[in-house]
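Student: See upload_16.txt below, with compact mmCIF, C-alpha atoms.
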# COMPACT_ATOMS: atom_id res chain seq x y z
CA MET A 1324 5.97 2.09 27.87
CA ALA A 1325 8.90 2.37 25.50
CA THR A 1326 11.17 -0.17 23.86
CA ARG A 1327 14.67 -0.35 25.32
CA PHE A 1328 17.45 -2.16 23.53
CA ASP A 1329 21.17 -1.90 24.00
CA PRO A 1330 22.90 -4.18 21.47
CA ASP A 1331 25.92 -4.48 23.78
CA LYS A 1332 23.87 -5.72 26.74
CA ASP A 1333 20.46 -6.99 25.60
CA SER A 1334 19.76 -10.09 23.57
CA ALA A 1335 16.32 -8.79 22.56
CA PRO A 1336 14.31 -5.57 22.84
CA ARG A 1337 12.23 -5.17 26.02
CA LEU A 1338 9.52 -2.77 27.16
CA GLN A 1339 10.26 -0.31 29.95
CA SER A 1340 7.40 1.37 31.81
CA TYR A 1341 7.46 5.11 32.62
CA ASP A 1342 4.97 7.37 34.39
CA ILE A 1343 4.87 10.90 33.06
CA PRO A 1344 2.66 13.92 33.91
CA PHE A 1345 -0.09 14.81 31.44
CA PRO A 1346 -0.83 18.46 32.22
CA ASP A 1347 -1.75 19.66 28.76
CA GLU A 1348 -4.14 18.22 26.19
CA SER A 1349 -1.90 19.41 23.37
CA MET A 1350 0.85 17.08 24.57
CA VAL A 1351 2.01 14.59 21.94
CA VAL A 1352 3.80 11.27 22.30
CA LEU A 1353 7.08 12.95 21.36
CA ASP A 1354 6.62 15.38 24.28
CA GLY A 1355 6.28 12.34 26.53
CA LEU A 1356 9.51 10.88 25.19
CA ASN A 1357 11.28 14.22 25.61
CA TYR A 1358 10.02 14.38 29.22
CA ILE A 1359 11.43 10.92 29.90
CA LYS A 1360 14.73 11.88 28.28
CA ALA A 1361 14.96 15.16 30.25
CA HIS A 1362 13.62 14.09 33.65
CA VAL A 1363 13.51 10.31 34.03
CA ASP A 1364 16.06 8.48 31.92
CA GLY A 1365 18.55 10.37 29.77
CA THR A 1366 19.74 7.21 28.06
CA LEU A 1367 16.53 6.72 26.07
CA SER A 1368 17.42 7.02 22.36
CA TYR A 1369 15.07 8.12 19.57
CA ARG A 1370 15.10 10.37 16.51
CA TRP A 1371 13.26 13.65 16.23
CA SER A 1372 13.81 17.08 14.78
CA CYS A 1373 11.15 19.52 13.61
CA ARG A 1374 8.22 18.59 15.89
CA MET A 1375 5.88 19.81 13.14
CA GLY A 1376 5.21 16.74 10.99
CA ILE A 1377 7.57 17.94 8.30
CA CYS A 1378 10.96 16.30 8.80
CA GLY A 1379 9.64 12.74 9.09
CA SER A 1380 12.25 11.64 11.62
CA CYS A 1381 10.08 10.83 14.67
CA GLY A 1382 8.14 7.91 13.15
CA MET A 1383 7.54 5.09 15.65
CA MET A 1384 4.96 2.43 16.43
CA VAL A 1385 2.41 3.92 18.81
CA ASN A 1386 0.18 1.20 20.24
CA GLY A 1387 1.02 -0.98 17.24
CA THR A 1388 0.36 1.63 14.54
CA PRO A 1389 3.08 3.55 12.66
CA LYS A 1390 2.75 7.23 13.61
CA LEU A 1391 4.74 10.43 13.61
CA THR A 1392 5.06 10.84 17.38
CA CYS A 1393 4.93 14.63 16.99
CA ASN A 1394 1.49 14.18 15.50
CA ALA A 1395 0.12 11.55 17.91
CA PHE A 1396 -1.75 13.27 20.74
CA LEU A 1397 -1.69 11.64 24.15
CA ARG A 1398 -5.32 12.70 24.68
CA ASP A 1399 -6.29 10.18 21.98
CA TYR A 1400 -4.87 7.34 24.08
CA TRP A 1401 -5.43 8.53 27.66
CA PRO A 1402 -6.20 6.93 30.14
CA LYS A 1403 -4.90 3.76 28.48
CA PRO A 1404 -1.15 3.15 28.46
CA VAL A 1405 0.82 4.25 25.42
CA ILE A 1406 3.28 1.73 24.05
CA VAL A 1407 6.01 3.25 21.89
CA GLU A 1408 8.14 0.88 19.83
CA PRO A 1409 10.58 1.34 16.95
CA LEU A 1410 9.13 1.17 13.44
CA SER A 1411 8.28 -2.41 12.47
CA ASN A 1412 10.11 -4.24 9.69
CA PHE A 1413 13.44 -2.46 10.31
CA PRO A 1414 16.49 -3.59 12.27
CA ILE A 1415 16.83 -1.79 15.62
CA ILE A 1416 20.04 0.09 16.30
CA ARG A 1417 19.19 1.14 19.83
CA ASP A 1418 15.95 1.70 21.81
CA LEU A 1419 13.58 3.45 19.37
CA VAL A 1420 16.17 4.10 16.66
CA ILE A 1421 15.95 1.97 13.54
CA ASP A 1422 18.49 1.30 10.82
CA MET A 1423 17.43 3.30 7.72
CA GLU A 1424 20.22 2.05 5.46
CA ASP A 1425 17.98 -0.23 3.39
CA PHE A 1426 15.45 2.52 2.77
CA MET A 1427 18.12 5.07 1.83
CA HIS A 1428 19.60 2.62 -0.66
CA LYS A 1429 16.18 1.99 -2.23
CA LEU A 1430 15.36 5.67 -2.32
CA LYS A 1431 18.57 6.40 -4.21
CA SER A 1432 17.96 3.53 -6.63
CA ILE A 1433 14.86 5.18 -8.12
CA LYS A 1434 16.76 8.43 -8.78
CA PRO A 1435 14.36 10.83 -7.03
CA TRP A 1436 15.43 13.92 -8.90
CA ILE A 1437 14.58 15.49 -12.25
CA ILE A 1438 16.54 13.85 -15.04
CA ARG A 1439 17.04 15.72 -18.29
CA LYS A 1440 18.61 14.31 -21.43
CA GLN A 1441 19.70 17.78 -22.34
CA GLU A 1442 19.62 20.68 -19.94
CA ILE A 1443 17.98 23.82 -21.19
CA PRO A 1444 20.35 26.79 -20.77
CA LEU A 1445 19.46 29.08 -17.91
CA GLY A 1446 19.06 31.93 -20.36
CA ALA A 1447 16.20 30.10 -22.07
CA GLY A 1448 14.03 30.66 -19.01
CA GLU A 1449 12.27 28.39 -16.58
CA HIS A 1450 10.54 25.06 -17.28
CA ARG A 1451 6.92 26.10 -17.44
CA GLN A 1452 4.14 23.83 -16.21
CA THR A 1453 0.38 24.18 -16.27
CA THR A 1454 -1.61 23.65 -13.07
CA SER A 1455 -2.94 20.45 -14.60
CA GLN A 1456 0.62 19.16 -15.13
CA ILE A 1457 1.46 20.00 -11.50
CA ASP A 1458 -1.72 18.33 -10.27
CA ASP A 1459 -0.59 15.11 -11.96
CA PHE A 1460 2.26 14.63 -9.50
CA ARG A 1461 1.62 17.08 -6.62
CA GLN A 1462 0.17 14.46 -4.27
CA PHE A 1463 3.20 12.18 -4.60
CA SER A 1464 5.60 15.06 -3.99
CA GLN A 1465 4.33 15.42 -0.41
CA CYS A 1466 6.33 12.38 0.81
CA ILE A 1467 8.62 13.23 3.73
CA ASN A 1468 10.45 9.86 3.78
CA CYS A 1469 9.16 9.05 7.27
CA MET A 1470 9.02 5.31 6.45
CA LEU A 1471 5.68 4.76 8.21
CA CYS A 1472 4.47 3.09 5.01
CA TYR A 1473 7.31 0.55 5.19
CA ALA A 1474 6.43 -0.23 8.81
CA ALA A 1475 2.79 -0.77 7.81
CA CYS A 1476 3.56 -2.89 4.75
CA PRO A 1477 3.36 -6.65 5.41
CA VAL A 1478 4.88 -7.33 1.99
CA TYR A 1479 8.03 -5.45 3.01
CA GLY A 1480 7.90 -7.21 6.38
CA LEU A 1481 7.91 -10.58 4.63
CA ASN A 1482 10.38 -9.65 1.89
CA ASP A 1483 12.79 -6.80 2.53
CA GLU A 1484 13.93 -6.95 -1.11
CA PHE A 1485 10.65 -5.22 -2.01
CA LEU A 1486 11.34 -1.70 -3.24
CA GLY A 1487 8.56 -0.43 -1.01
CA PRO A 1488 5.75 2.14 -1.05
CA ALA A 1489 7.58 5.46 -0.56
CA ALA A 1490 10.30 4.76 -3.13
CA ILE A 1491 7.74 3.79 -5.78
CA ALA A 1492 5.52 6.77 -4.94
CA LEU A 1493 8.51 9.08 -5.37
CA ALA A 1494 9.47 7.38 -8.63
CA ARG A 1495 5.95 8.06 -9.86
CA ARG A 1496 6.20 11.66 -8.69
CA TYR A 1497 9.18 12.21 -11.00
CA ASN A 1498 7.86 10.07 -13.85
CA LEU A 1499 4.70 12.19 -13.94
CA ASP A 1500 6.60 15.47 -13.86
CA SER A 1501 6.46 17.08 -17.30
CA ARG A 1502 10.01 18.42 -16.79
CA ASP A 1503 11.45 14.94 -16.22
CA GLN A 1504 12.84 12.62 -18.90
CA GLY A 1505 14.13 9.82 -16.69
CA LEU A 1506 11.37 7.23 -16.97
CA LYS A 1507 13.56 4.76 -18.88
CA GLU A 1508 16.27 5.02 -16.23
CA ARG A 1509 13.81 4.25 -13.43
CA LEU A 1510 11.81 1.53 -15.20
CA PRO A 1511 14.34 -1.28 -14.66
CA VAL A 1512 14.09 -0.69 -10.90
CA ILE A 1513 10.38 -0.06 -10.46
CA ALA A 1514 9.22 -2.70 -12.97
CA ASP A 1515 11.52 -5.32 -11.48
CA SER A 1516 10.00 -8.39 -9.79
CA GLU A 1517 10.90 -6.80 -6.43
CA GLY A 1518 9.34 -3.52 -7.53
CA ILE A 1519 5.70 -2.77 -8.29
CA TRP A 1520 4.80 -6.41 -9.02
CA GLU A 1521 5.69 -7.51 -5.51
CA CYS A 1522 2.89 -5.31 -4.10
CA SER A 1523 -0.35 -7.20 -3.48
CA PHE A 1524 -2.33 -4.05 -2.66
CA VAL A 1525 -2.83 -4.39 1.07
CA GLY A 1526 -3.27 -0.61 1.12
CA GLU A 1527 -2.20 0.01 4.72
CA CYS A 1528 0.66 2.22 3.48
CA SER A 1529 -1.89 4.79 2.32
CA VAL A 1530 -3.85 4.52 5.58
CA VAL A 1531 -0.85 5.38 7.78
CA CYS A 1532 0.72 8.06 5.52
CA PRO A 1533 0.70 11.30 7.54
CA LYS A 1534 0.86 13.43 4.40
CA GLY A 1535 -1.94 11.79 2.39
CA VAL A 1536 0.42 10.60 -0.33
CA ASP A 1537 -1.42 7.34 -1.14
CA PRO A 1538 1.54 5.14 -2.15
CA ALA A 1539 -0.82 2.22 -2.90
CA LYS A 1540 -2.43 4.32 -5.60
CA ALA A 1541 0.99 5.22 -7.02
CA ILE A 1542 1.97 1.55 -7.19
CA GLN A 1543 -1.25 0.31 -8.81
CA GLN A 1544 -1.25 3.14 -11.36
CA THR A 1545 2.38 2.41 -12.19
CA LYS A 1546 1.45 -1.25 -12.73
CA LEU A 1547 -1.25 -0.17 -15.18
CA ASP A 1548 0.98 2.32 -17.00
CA THR A 1549 3.82 -0.20 -17.27
CA THR A 1550 1.46 -2.82 -18.68
CA MET A 1551 0.03 -0.36 -21.19
CA ARG A 1552 3.54 0.65 -22.28
CA PHE A 1553 4.24 -3.02 -22.94
CA LEU A 1554 0.96 -3.81 -24.72
CA LEU A 1555 0.21 -0.73 -26.77
CA PRO A 1556 1.90 -0.03 -30.12
CA TYR A 1557 4.73 2.44 -29.62
CA GLY A 1558 4.17 2.04 -25.86
CA ASN A 1559 7.87 1.72 -25.30
CA ARG A 1560 8.62 4.95 -27.06
CA GLU A 1561 10.90 7.59 -25.60
CA PRO A 1562 9.18 9.56 -22.82
CA MET B 1358 6.83 -11.25 10.68
CA PRO B 1359 4.70 -13.58 12.80
CA ALA B 1360 2.53 -16.06 10.87
CA ALA B 1361 -0.62 -14.45 12.28
CA TRP B 1362 0.31 -10.90 11.17
CA TRP B 1363 -2.95 -10.62 9.26
CA THR B 1364 -4.99 -10.88 12.45
CA ARG B 1365 -3.37 -7.79 14.02
CA LYS B 1366 -5.50 -5.22 12.19
CA ARG B 1367 -8.97 -5.21 10.65
CA HIS B 1368 -7.50 -3.79 7.43
CA TYR B 1369 -5.03 -6.69 7.19
CA LEU B 1370 -7.82 -9.20 7.90
CA LEU B 1371 -10.08 -7.79 5.16
CA TYR B 1372 -7.14 -7.87 2.73
CA PHE B 1373 -6.43 -11.47 3.67
CA VAL B 1374 -10.07 -12.49 3.18
CA ARG B 1375 -10.08 -10.70 -0.20
CA GLU B 1376 -7.04 -12.64 -1.34
CA PHE B 1377 -8.27 -15.90 0.20
CA THR B 1378 -11.53 -15.76 -1.79
CA ALA B 1379 -9.57 -16.70 -4.91
CA LEU B 1380 -8.88 -20.15 -3.41
CA PRO B 1381 -12.48 -21.46 -3.11
CA MET B 1382 -13.22 -19.97 -6.53
CA ALA B 1383 -10.33 -21.96 -7.99
CA LEU B 1384 -11.55 -25.11 -6.22
CA TRP B 1385 -15.04 -24.57 -7.59
CA LEU B 1386 -13.67 -24.30 -11.11
CA LEU B 1387 -11.74 -27.55 -10.62
CA TRP B 1388 -14.90 -29.24 -9.36
CA PHE B 1389 -16.78 -27.80 -12.33
CA LEU B 1390 -14.21 -29.32 -14.70
CA VAL B 1391 -14.81 -32.70 -13.07
CA GLU B 1392 -18.54 -32.29 -13.66
CA ILE B 1393 -17.94 -31.39 -17.31
CA LYS B 1394 -15.77 -34.47 -17.70
CA ARG B 1395 -18.56 -36.58 -16.24
CA ALA B 1396 -20.97 -34.99 -18.71
CA GLY B 1397 -18.72 -36.25 -21.48
CA ALA B 1398 -19.86 -39.78 -20.65
CA GLY B 1399 -23.43 -38.83 -21.51
CA SER B 1400 -26.35 -37.06 -19.91
CA ALA B 1401 -26.74 -39.82 -17.34
CA GLY B 1402 -23.34 -39.00 -15.88
CA TYR B 1403 -23.98 -35.27 -15.54
CA VAL B 1404 -26.12 -34.67 -12.47
CA PRO B 1405 -24.36 -31.90 -10.51
CA HIS B 1406 -27.61 -30.24 -9.40
CA SER B 1407 -28.66 -33.38 -7.58
CA SER B 1408 -25.49 -33.28 -5.48
CA ILE B 1409 -26.30 -31.33 -2.30
CA ALA B 1410 -22.61 -30.98 -1.52
CA PHE B 1411 -21.97 -29.31 -4.89
CA VAL B 1412 -24.93 -26.94 -4.45
CA ILE B 1413 -23.82 -25.91 -0.93
CA PHE B 1414 -20.23 -25.51 -2.06
CA SER B 1415 -21.36 -23.45 -5.06
CA VAL B 1416 -23.44 -21.12 -2.89
CA ILE B 1417 -20.46 -20.57 -0.56
CA CYS B 1418 -18.20 -19.95 -3.55
CA LEU B 1419 -20.75 -17.52 -4.98
CA LEU B 1420 -20.55 -15.47 -1.77
CA PHE B 1421 -16.76 -15.48 -1.97
CA ALA B 1422 -16.90 -14.51 -5.66
CA LEU B 1423 -19.27 -11.63 -4.91
CA TYR B 1424 -17.01 -10.39 -2.11
CA HIS B 1425 -13.96 -10.66 -4.38
CA SER B 1426 -15.71 -8.85 -7.23
CA VAL B 1427 -17.10 -6.05 -5.06
CA THR B 1428 -13.76 -5.36 -3.37
CA PHE B 1429 -11.88 -5.62 -6.69
CA LEU B 1430 -14.22 -3.27 -8.54
CA SER B 1431 -14.30 -0.84 -5.62
CA LEU B 1432 -10.53 -0.47 -5.95
CA ALA B 1433 -10.83 0.45 -9.63
CA GLY B 1434 -11.25 4.09 -8.66
CA VAL B 1435 -7.78 4.02 -7.14
CA ILE B 1436 -6.11 2.26 -10.04
CA LEU B 1437 -7.72 3.81 -13.12
CA HIS B 1438 -7.15 7.48 -13.73
CA PRO B 1439 -8.80 8.38 -17.05
CA LYS B 1440 -9.12 11.94 -18.23
CA VAL B 1441 -12.01 13.38 -20.24
CA MET B 1442 -11.46 16.71 -21.97
CA GLY B 1443 -8.16 16.99 -20.09
CA ARG B 1444 -9.84 16.65 -16.69
CA PRO B 1445 -9.49 13.59 -14.44
CA VAL B 1446 -12.65 11.51 -14.02
CA PRO B 1447 -13.69 11.32 -10.33
CA PRO B 1448 -12.88 7.89 -8.79
CA ARG B 1449 -16.54 7.41 -7.80
CA LEU B 1450 -17.62 7.64 -11.43
CA VAL B 1451 -14.95 5.10 -12.40
CA VAL B 1452 -16.23 2.68 -9.74
CA LEU B 1453 -19.82 3.27 -10.81
CA ALA B 1454 -18.89 2.54 -14.44
CA MET B 1455 -17.16 -0.69 -13.34
CA PHE B 1456 -20.23 -1.90 -11.43
CA GLY B 1457 -22.41 -0.93 -14.37
CA GLN B 1458 -20.30 -3.02 -16.76
CA TRP B 1459 -20.33 -5.88 -14.25
CA ALA B 1460 -24.15 -5.80 -14.11
CA VAL B 1461 -24.48 -5.70 -17.91
CA ALA B 1462 -21.95 -8.54 -18.36
CA SER B 1463 -23.76 -10.64 -15.73
CA ILE B 1464 -27.13 -10.12 -17.44
CA VAL B 1465 -25.73 -10.97 -20.89
CA ILE B 1466 -23.92 -14.11 -19.68
CA GLY B 1467 -26.97 -15.19 -17.66
CA ALA B 1468 -29.23 -14.72 -20.70
CA VAL B 1469 -26.85 -16.71 -22.92
CA LEU B 1470 -26.65 -19.58 -20.41
CA ILE B 1471 -30.43 -19.69 -19.93
CA GLY B 1472 -30.83 -19.55 -23.71
CA PHE B 1473 -28.51 -22.54 -24.16
CA ALA B 1474 -30.27 -24.44 -21.37
CA ARG B 1475 -33.54 -24.13 -23.25
In structure tokens, what does this structure look like?
Tutor:
Amino acid sequence: MATRFDPDKDSAPRLQSYDIPFPDESMVVLDGLNYIKAHVDGTLSYRWSCRMGICGSCGMMVNGTPKLTCNAFLRDYWPKPVIVEPLSNFPIIRDLVIDMEDFMHKLKSIKPWIIRKQEIPLGAGEHRQTTSQIDDFRQFSQCINCMLCYAACPVYGLNDEFLGPAAIALARRYNLDSRDQGLKERLPVIADSEGIWECSFVGECSVVCPKGVDPAKAIQQTKLDTTMRFLLPYGNREP
Amino acid sequence: MPAAWWTRKRHYLLYFVREFTALPMALWLLWFLVEIKRAGAGSAGYVPHSSIAFVIFSVICLLFALYHSVTFLSLAGVILHPKVMGRPVPPRLVVLAMFGQWAVASIVIGAVLIGFAR
């Protein structure tokens, strides 16, 4: 079953049932959607691209749980029906396509790029990092912006002003990067009342993350670091 | 979000119970304040142990407090990320250290209270 919603015709989303063949155990939910699109109903709308769990565009609710549909095997659900719905907590544009505008705005607000106060000239060579310095942020750099964590987060569901798990995890990724000097530019956003302090540590964001990023850990550690910066002498020093 | 969102998944339910445990603990503390106030009127007024309702409520609150403490301390391994000699301490060791400190603090506070009672 898949959600159908045409904003020009429907007042609310509805579920449409489809029967598809299941000839191959390697078939994923996305394959099922592609079969429907190609052979049953060409009007079904959904996002997808790489089919390899890299691009993060095919995230949907599969039987109530946020999943990358390219990584959700039908064999794990068969013979029960599979219900595919758009990601929770986001406005629906059409069928299984959600409006990502809010997330894109939040992502941009934390400046997810390396900020330097003064660029080192190219001739001076590369920014060198030890393996230990890379290990500090490597986990958080695996985020593919699939937004499954937002769909799993009841805090975001109750208050869409919340900055959200992925944005904070990415902010931490850059704040922990030894090449970055942008902590003070990101702090007003992440330490805002709608930032880290809105999180009540449900932890489901880390459970559903397909890349093992652990945004809940990023948020709680940022809370601790921010508090220590406030409490300790010279804690508010330049990064 | 529907009002019963926390019943949809076991993870949500456990989170909700964890957060809810703070409520009976707060109520117990309020009740305890009332008992202290009664004690201010003299030893005759302070008889909380003879109140079955208070004992039952305290036992229930103790269970909630234990659940809250265990879940809270278990999460310490996620939150704290100390380094020793430049190497991160494994989360399990952090959690173990937290439970160790909890046990020591409980023994010390228990000994002090028993000492005062005597």
Student: Pick out the residues sitting within 10 Å of Glu1527 (chain A), and hand them over as a PyMOL selection string; count all atoms listed in the file, and ignore anything fewer than 4 positions along from it in its own chain.
Tutor: (chain A and resi 1471-1477+1531-1532+1537-1539) or (chain B and resi 1366+1368-1369+1372)
Student: Save the residues we just selected, C-alpha atoms, as a PDB file, in the coordinates of the input?
Tutor:
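File produced: result-v7.pdb:
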ATOM      1  CA  LEU A1471       5.680   4.760   8.210  1.00  0.00           C
ATOM      2  CA  CYS A1472       4.470   3.090   5.010  1.00  0.00           C
ATOM      3  CA  TYR A1473       7.310   0.550   5.190  1.00  0.00           C
ATOM      4  CA  ALA A1474       6.430  -0.230   8.810  1.00  0.00           C
ATOM      5  CA  ALA A1475       2.790  -0.770   7.810  1.00  0.00           C
ATOM      6  CA  CYS A1476       3.560  -2.890   4.750  1.00  0.00           C
ATOM      7  CA  PRO A1477       3.360  -6.650   5.410  1.00  0.00           C
ATOM      8  CA  VAL A1531      -0.850   5.380   7.780  1.00  0.00           C
ATOM      9  CA  CYS A1532       0.720   8.060   5.520  1.00  0.00           C
ATOM     10  CA  ASP A1537      -1.420   7.340  -1.140  1.00  0.00           C
ATOM     11  CA  PRO A1538       1.540   5.140  -2.150  1.00  0.00           C
ATOM     12  CA  ALA A1539      -0.820   2.220  -2.900  1.00  0.00           C
TER      13      ALA A1539
ATOM     14  CA  LYS B1366      -5.500  -5.220  12.190  1.00  0.00           C
ATOM     15  CA  HIS B1368      -7.500  -3.790   7.430  1.00  0.00           C
ATOM     16  CA  TYR B1369      -5.030  -6.690   7.190  1.00  0.00           C
ATOM     17  CA  TYR B1372      -7.140  -7.870   2.730  1.00  0.00           C
TER      18      TYR B1372
END
Student: Write out as a list in words every residue belonging to chain A that has an atom at most 9 Å from any atom of chain B, counting only C-alpha atoms.
Tutor: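 Matching residues, ligands excluded from the count: Gly1387, Asn1412, Ser1455, Pro1477, Gly1480, Leu1481, Ser1523, Phe1524, Val1525, Gly1526, Glu1527, Ala1539, Lys1540, Ala1541, Ile1542, Gln1543, Gln1544, Thr1545, Lys1546 and Leu1547 of chain A.
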Student: Can you tell me which residues surround region 1331-1345 of chain A at a distance of at most 10 Å, considering all atoms listed in the file, apart from same-chain residues fewer than 6 positions away, and format the answer as an MDAnalysis selection string?
Tutor: chainID A and resid 1324:1325 1351 1354:1356 1358:1359 1362:1364 1397:1398 1401 1404:1409 1415 1417:1419
Student: Could you work out how far CA of Arg1327 (chain A) lies from CA of Asn1386 (chain A), giving the answer in Å with one decimal?
Tutor: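 Going from CA of Asn1386 (chain A) over to CA of Arg1327 (chain A) covers 15.4 Å.
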Student: Which is closer to Ser1372 (chain A) than all the others in A:Ile1416, A:Arg1495, A:Glu1517, A:Cys1469, using all atoms listed in the file?
Tutor: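 Among A:Ile1416, A:Arg1495, A:Glu1517, A:Cys1469, it is A:Cys1469 that comes nearest to Ser1372 (chain A).
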Student: Would you compute the distance between CA of Val1530 (chain A) and CA of Ile1433 (chain A)? Give it in Å to one decimal.
Tutor: 23.2 Å
Student: Identify the residues within 12 Å of coordinate (16.5, 2.4, 14.1) (same frame as the file), considering all atoms listed in the file, and give the answer as number ranges by chain.
Tutor: A: 1326-1330, 1368-1371, 1380-1384, 1408-1426, 1470, 1474
Student: Work out how far CA of Ile1491 (chain A) is from CA of Phe1396 (chain A), in Å to one decimal.
Tutor: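 Computing the Euclidean distance for CA of Phe1396 (chain A) and CA of Ile1491 (chain A) yields 29.7 Å.
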Student: Using only C-alpha atoms, find the one residue out of B:Phe1414, B:Leu1453, B:Ile1464, B:His1425 that sits nearest to Phe1377 (chain B).
Tutor: B:His1425
Student: Determine the axis-aligned bounding box of all atoms of region 1346-1359 of chain A present in the file, pad each side by 5 Å, and express its centre and edge lengths in Å to one decimal place as lines of an AutoDock Vina configuration file.
Tutor:
center_x = 3.6
center_y = 15.3
center_z = 26.8
size_x = 25.6
size_y = 18.8
size_z = 20.9
